[in-house]
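Okay, entry34.txt is below, compact mmCIF, C-alpha atoms:
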# COMPACT_ATOMS: atom_id res chain seq x y z
CA MET W 294 3.34 8.38 94.59
CA ILE W 295 6.38 6.89 92.93
CA PHE W 296 8.74 8.21 95.64
CA ASP W 297 8.39 7.30 99.30
CA GLU W 298 8.60 9.74 102.17
CA ALA W 299 12.41 9.65 102.08
CA GLY W 300 12.36 10.72 98.46
CA LEU W 301 13.48 7.32 97.22
CA LEU W 302 11.81 4.95 94.83
CA SER W 303 10.08 2.16 96.72
CA PHE W 304 10.24 -1.43 95.52
CA ASN W 305 6.51 -1.52 94.72
CA ASN W 306 6.72 1.67 92.71
CA ILE W 307 9.75 0.43 90.78
CA HIS W 308 7.79 -2.71 90.03
CA LEU W 309 4.88 -0.58 88.80
CA VAL W 310 7.14 1.51 86.57
CA ILE W 311 8.61 -1.65 85.04
CA LYS W 312 5.13 -3.01 84.39
CA ILE W 313 4.10 0.23 82.69
CA ILE W 314 7.23 0.19 80.52
CA LEU W 315 6.65 -3.45 79.56
CA ALA W 316 2.95 -2.84 78.83
CA ILE W 317 4.01 -0.24 76.28
CA ALA W 318 7.29 -1.70 75.00
CA ILE W 319 6.20 -5.28 74.29
CA PRO W 320 3.23 -4.35 72.03
CA LEU W 321 5.42 -1.80 70.22
CA ILE W 322 8.06 -4.48 69.60
CA ILE W 323 5.33 -6.76 68.27
CA LEU W 324 4.15 -3.91 66.03
CA LYS W 325 7.66 -3.37 64.67
CA VAL W 326 8.21 -7.10 64.01
CA SER W 327 4.77 -7.46 62.43
CA THR W 328 5.43 -4.49 60.14
CA LYS W 329 8.74 -5.98 58.97
CA ILE W 330 7.15 -9.39 58.37
CA LEU W 331 4.29 -7.80 56.42
CA SER W 332 6.74 -5.73 54.35
CA LYS W 333 8.76 -8.83 53.42
CA LEU W 334 5.54 -10.68 52.61
CA LYS W 335 4.52 -7.83 50.32
CA GLU W 336 7.85 -8.01 48.47
CA SER W 337 7.80 -11.79 48.10
CA THR W 338 4.15 -12.19 47.09
CA SER W 339 3.49 -8.92 45.22
CA MET W 340 0.78 -8.08 47.73
CA ASP W 341 -1.64 -5.36 46.64
CA ASP W 342 -0.76 -1.92 48.09
CA ASN W 343 -4.29 -1.41 49.44
CA ILE W 344 -4.25 -4.76 51.25
CA PHE W 345 -0.79 -3.92 52.66
CA LYS W 346 -1.85 -0.48 53.94
CA THR W 347 -5.13 -1.78 55.35
CA SER W 348 -3.36 -4.65 57.14
CA LEU W 349 -0.88 -2.20 58.68
CA LYS W 350 -3.70 0.01 59.95
CA VAL W 351 -5.53 -2.97 61.48
CA ILE W 352 -2.35 -4.14 63.24
CA ARG W 353 -1.62 -0.64 64.56
CA TYR W 354 -5.14 -0.13 65.89
CA GLY W 355 -5.01 -3.57 67.51
CA ILE W 356 -1.66 -2.84 69.17
CA PHE W 357 -2.87 0.51 70.52
CA CYS W 358 -5.94 -1.19 71.99
CA ILE W 359 -3.69 -3.78 73.65
CA ILE W 360 -1.50 -1.01 75.11
CA PHE W 361 -4.55 0.85 76.44
CA ILE W 362 -6.07 -2.25 78.06
CA GLY W 363 -2.67 -3.30 79.43
CA LEU W 364 -2.10 0.09 81.09
CA LEU W 365 -5.53 -0.05 82.71
CA GLU W 366 -4.71 -3.48 84.15
CA VAL W 367 -1.28 -2.36 85.40
CA LEU W 368 -2.74 0.73 87.06
CA GLY W 369 -5.36 -1.43 88.78
CA ILE W 370 -8.33 0.04 86.96
CA ASP W 371 -11.15 -2.47 86.68
CA LEU W 372 -12.04 -2.42 83.00
CA GLN W 373 -15.12 -4.58 83.54
CA SER W 374 -16.62 -2.17 86.07
CA ILE W 375 -16.04 0.72 83.68
CA ILE W 376 -17.84 -1.14 80.92
CA VAL W 377 -20.75 -1.98 83.25
CA SER W 378 -21.01 1.60 84.52
CA LEU W 379 -21.01 2.87 80.98
CA GLY W 380 -23.43 0.22 79.80
CA LEU W 381 -25.88 2.60 78.18
CA VAL W 382 -23.07 4.52 76.52
CA SER W 383 -21.62 1.25 75.25
CA VAL W 384 -24.96 0.28 73.72
CA ALA W 385 -25.24 3.67 72.02
CA LEU W 386 -21.68 3.45 70.75
CA SER W 387 -22.29 -0.09 69.53
CA LEU W 388 -25.28 1.02 67.51
CA ALA W 389 -23.35 3.98 66.13
CA ALA W 390 -20.40 1.77 65.25
CA LYS W 391 -22.53 -0.88 63.55
CA ASP W 392 -22.37 0.77 60.13
CA THR W 393 -18.68 1.55 60.56
CA LEU W 394 -17.92 -2.07 61.40
CA SER W 395 -19.98 -3.26 58.43
CA ASN W 396 -18.05 -0.92 56.15
CA LEU W 397 -14.71 -2.10 57.59
CA ILE W 398 -15.58 -5.74 56.98
CA SER W 399 -16.84 -4.94 53.49
CA GLY W 400 -13.61 -3.02 52.81
CA VAL W 401 -11.55 -6.10 53.68
CA ILE W 402 -13.73 -8.22 51.37
CA ILE W 403 -13.25 -5.70 48.54
CA LEU W 404 -9.47 -5.82 48.95
CA LEU W 405 -9.33 -9.61 49.14
CA GLU W 406 -11.69 -10.37 46.25
CA LYS W 407 -10.15 -7.71 43.95
CA ASN W 408 -13.27 -7.40 41.80
CA PHE W 409 -11.99 -3.89 41.10
CA VAL W 410 -8.82 -1.95 41.84
CA VAL W 411 -7.72 1.68 41.80
CA GLY W 412 -7.98 2.94 38.22
CA ASP W 413 -10.97 0.80 37.21
CA VAL W 414 -14.24 2.42 36.14
CA ILE W 415 -17.20 0.95 37.98
CA GLY W 416 -20.90 1.59 38.29
CA ILE W 417 -23.00 1.01 41.40
CA ASP W 418 -26.33 2.27 42.71
CA GLY W 419 -26.72 4.70 39.80
CA GLN W 420 -23.21 6.15 40.18
CA VAL W 421 -20.37 5.68 37.69
CA GLY W 422 -16.75 6.74 38.12
CA GLN W 423 -13.09 5.81 38.17
CA VAL W 424 -11.83 4.31 41.43
CA VAL W 425 -9.29 6.69 42.95
CA LYS W 426 -9.23 5.31 46.50
CA ILE W 427 -10.29 2.19 48.36
CA GLY W 428 -10.48 3.12 52.01
CA PHE W 429 -11.45 1.52 55.31
CA LYS W 430 -15.02 2.80 55.17
CA SER W 431 -15.64 3.86 51.57
CA VAL W 432 -14.58 3.83 47.94
CA SER W 433 -13.96 7.16 46.19
CA LEU W 434 -14.93 7.50 42.53
CA TYR W 435 -13.93 10.31 40.18
CA MET W 436 -15.89 11.30 37.11
CA ARG W 437 -16.13 14.62 35.28
CA LYS W 438 -14.43 16.72 37.98
CA GLN W 439 -16.53 15.24 40.79
CA VAL W 440 -15.54 12.86 43.59
CA ILE W 441 -18.26 10.40 44.61
CA VAL W 442 -17.89 8.58 47.95
CA ILE W 443 -19.60 5.17 48.13
CA PRO W 444 -19.87 3.28 51.47
CA ASN W 445 -18.12 -0.09 51.29
CA ILE W 446 -21.22 -1.93 52.52
CA LEU W 447 -22.95 -1.24 49.19
CA PHE W 448 -20.40 -3.38 47.34
CA THR W 449 -21.40 -6.45 49.37
CA THR W 450 -25.15 -5.82 49.27
CA LYS W 451 -25.77 -4.45 45.75
CA PRO W 452 -24.65 -5.48 42.26
CA PHE W 453 -21.99 -3.38 40.57
CA ILE W 454 -20.33 -3.29 37.14
CA ASN W 455 -16.62 -3.08 36.39
CA TYR W 456 -16.50 -1.41 32.98
CA THR W 457 -12.72 -1.69 32.63
CA ARG W 458 -12.11 -5.21 33.88
CA ASP W 459 -10.17 -6.02 30.69
CA GLY W 460 -8.30 -2.68 30.75
CA THR W 461 -10.49 -0.83 28.24
CA TYR W 462 -13.71 1.17 28.31
CA ARG W 463 -16.45 0.95 25.69
CA VAL W 464 -17.88 4.08 24.06
CA THR W 465 -20.98 3.88 21.85
CA PHE W 466 -22.95 6.20 19.60
CA ASP W 467 -25.72 5.77 17.03
CA ILE W 468 -25.70 6.65 13.34
CA TYR W 469 -28.85 6.85 11.23
CA LEU W 470 -28.25 6.01 7.56
CA LEU W 471 -31.00 7.13 5.19
CA ASN W 472 -32.12 4.91 2.35
CA LYS W 473 -30.48 7.27 -0.13
CA TYR W 474 -27.11 5.96 1.08
CA ASP W 475 -25.59 2.63 0.16
CA LEU W 476 -25.39 0.85 3.54
CA ASP W 477 -22.32 -1.26 2.80
CA GLU W 478 -20.47 1.70 1.30
CA LYS W 479 -21.17 3.94 4.28
CA VAL W 480 -20.13 1.21 6.75
CA LYS W 481 -16.83 0.86 4.87
CA GLU W 482 -16.28 4.63 4.98
CA ILE W 483 -17.03 4.75 8.73
CA SER W 484 -14.68 1.80 9.27
CA ALA W 485 -11.93 3.63 7.38
CA VAL W 486 -12.27 6.65 9.69
CA LEU W 487 -12.10 4.45 12.78
CA GLU W 488 -9.19 2.40 11.43
CA LYS W 489 -6.92 5.42 11.21
CA SER W 490 -8.09 7.05 14.46
CA ASP W 491 -5.54 7.16 17.28
CA LEU W 492 -8.28 7.93 19.82
CA ILE W 493 -9.34 4.28 20.15
CA VAL W 494 -7.50 1.02 20.82
CA ASP W 495 -6.97 -1.69 18.22
CA ASN W 496 -7.93 -4.52 20.54
CA PRO W 497 -10.82 -5.05 21.12
CA LYS W 498 -11.66 -3.95 17.59
CA PHE W 499 -14.47 -1.47 16.98
CA GLN W 500 -17.89 -2.79 15.94
CA ILE W 501 -20.56 -1.38 13.64
CA GLU W 502 -23.91 -3.16 14.02
CA PRO W 503 -27.43 -2.47 12.63
CA THR W 504 -29.96 -2.07 15.45
CA ALA W 505 -33.15 -0.92 13.74
CA ILE W 506 -34.63 -0.74 10.24
CA THR W 507 -37.35 1.74 9.30
CA THR W 508 -39.00 2.81 6.07
CA GLU W 509 -36.59 5.75 5.90
CA GLY W 510 -33.32 4.04 6.69
CA VAL W 511 -31.17 1.94 9.02
CA GLN W 512 -29.92 2.80 12.48
CA VAL W 513 -26.50 1.38 13.37
CA VAL W 514 -24.60 1.48 16.64
CA VAL W 515 -20.85 2.12 16.66
CA LYS W 516 -18.89 0.56 19.53
CA VAL W 517 -15.28 1.60 20.11
CA TYR W 518 -12.89 0.99 22.98
CA ILE W 519 -10.63 3.49 24.73
CA ASN W 520 -7.96 3.43 27.44
CA ASN W 521 -8.97 6.50 29.43
CA PRO W 522 -12.62 6.39 30.60
CA LEU W 523 -12.44 9.98 31.82
CA LYS W 524 -12.16 11.16 28.21
CA ASP W 525 -15.17 9.24 26.92
CA THR W 526 -17.30 12.32 26.20
CA TRP W 527 -14.47 14.15 24.46
CA ILE W 528 -13.48 11.10 22.36
CA ARG W 529 -17.09 10.43 21.38
CA SER W 530 -17.47 14.05 20.27
CA LYS W 531 -14.23 13.94 18.24
CA LEU W 532 -15.17 10.69 16.49
CA ILE W 533 -18.63 11.95 15.62
CA SER W 534 -17.13 15.13 14.20
CA GLN W 535 -14.63 13.17 12.10
CA ILE W 536 -17.29 10.83 10.73
CA LYS W 537 -19.62 13.72 9.89
CA SER W 538 -16.91 15.58 8.01
CA GLU W 539 -15.37 12.62 6.17
CA VAL W 540 -18.38 10.37 5.56
CA LEU W 541 -20.95 13.16 5.15
CA ILE W 542 -23.61 11.72 7.44
CA GLU W 543 -26.18 14.08 8.90
CA ASP W 544 -27.73 12.17 11.79
CA ILE W 545 -25.32 10.94 14.49
CA GLU W 546 -26.04 10.70 18.20
Write the structure described by the file as structure tokens, please.
Amino acid sequence: MIFDEAGLLSFNNIHLVIKIILAIAIPLIILKVSTKILSKLKESTSMDDNIFKTSLKVIRYGIFCIIFIGLLEVLGIDLQSIIVSLGLVSVALSLAAKDTLSNLISGVIILLEKNFVVGDVIGIDGQVGQVVKIGFKSVSLYMRKQVIVIPNILFTTKPFINYTRDGTYRVTFDIYLLNKYDLDEKVKEISAVLEKSDLIVDNPKFQIEPTAITTEGVQVVVKVYINNPLKDTWIRSKLISQIKSEVLIEDIE
């Protein structure tokens, strides 16, 4: 009871109320100051948005835990006895939280190492897509109208490829040139089509390389670079169509 029998606040109860207020107010003040410091740090150092948001979440969760533990102490609740009495539950929760904790730690490593950022196209564990979100527990990839969610732990335990590390994405397709064609002439004609195409970037420059020679002809691979990985299939199709119509080549894959 906060009030005594006379309906007045007793000294002990006033002391308790003050402790409760302080247990809540002090961590919240620390949270506010920490947020301002982190915001100024972001402005002065050009901190990555994902690192900034993740750091804020970690600070907030930490402050809320401090408030919770502080209130238990103020109210005289023995936290240790609760933990002991819920020992089995704690073990079960620890096992359940193991993967979550691993993903959280891996998420921090991803943000700090910056091997990829939002907008990059990466491939991991047989999945390829454009990074649309780097979260606490997972990375979301988008490719061909599908969102693929990859647990963060995979990025610290398995190899992955960043296809757009330099800001471009490579698209390839094969052309089979029969012996009836002059190889150099056809390569020049294909180059002319690619030179005037606005579907690909100028740097890195496209490449046309022989890959196999048979008794019937030569197979060459065409490598071009684009800005938008999500349009790779469409751009490949358009380029093949242009080359077929302007260079008059039958076999393109």
Using only C-alpha atoms: which of W:Thr508, W:Leu334, W:Ala316, W:Lys346 has the shortest distance to Ile362 in chain W: W:Ala316
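Minimum distance to Val367 in chain W across W:His308, W:Val425, W:Ser332, W:Ile322 (counting all atoms listed in the file) occurs at W:His308.
Between Asn472 in chain W and the residues W:Leu364, W:Ile403, W:Glu502, W:Thr507, the shortest atom-to-atom distance, using only C-alpha atoms, involves W:Thr507.
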Within 12 Å of Ile454 in chain W using all atoms listed in the file, minus same-chain residues under 4 positions, as a ChimeraX atom specification: /W:408-409,413-423,448,458,462
Give me, as a JSON list (two decimals) with C-alpha atoms, keeping the file's coordinate frame, all polymer residues having an atom no more than 12 Å from Asn496 in chain W, counting only C-alpha atoms and skipping those fewer than 2 positions away in the same chain.
[["chain", "number", "residue", "atom", "x", "y", "z"],
["W", 459, "ASP", "CA", -10.17, -6.02, 30.69],
["W", 460, "GLY", "CA", -8.30, -2.68, 30.75],
["W", 461, "THR", "CA", -10.49, -0.83, 28.24],
["W", 462, "TYR", "CA", -13.71, 1.17, 28.31],
["W", 463, "ARG", "CA", -16.45, 0.95, 25.69],
["W", 488, "GLU", "CA", -9.19, 2.40, 11.43],
["W", 493, "ILE", "CA", -9.34, 4.28, 20.15],
["W", 494, "VAL", "CA", -7.50, 1.02, 20.82],
["W", 498, "LYS", "CA", -11.66, -3.95, 17.59],
["W", 499, "PHE", "CA", -14.47, -1.47, 16.98],
["W", 500, "GLN", "CA", -17.89, -2.79, 15.94],
["W", 517, "VAL", "CA", -15.28, 1.60, 20.11],
["W", 518, "TYR", "CA", -12.89, 0.99, 22.98],
["W", 519, "ILE", "CA", -10.63, 3.49, 24.73],
["W", 520, "ASN", "CA", -7.96, 3.43, 27.44]]
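Minimum atom-to-atom distance to Val464 in chain W, evaluated using only C-alpha atoms, belongs to W:Leu532 out of W:Leu532, W:Ile446, W:Val440, W:Ile370.
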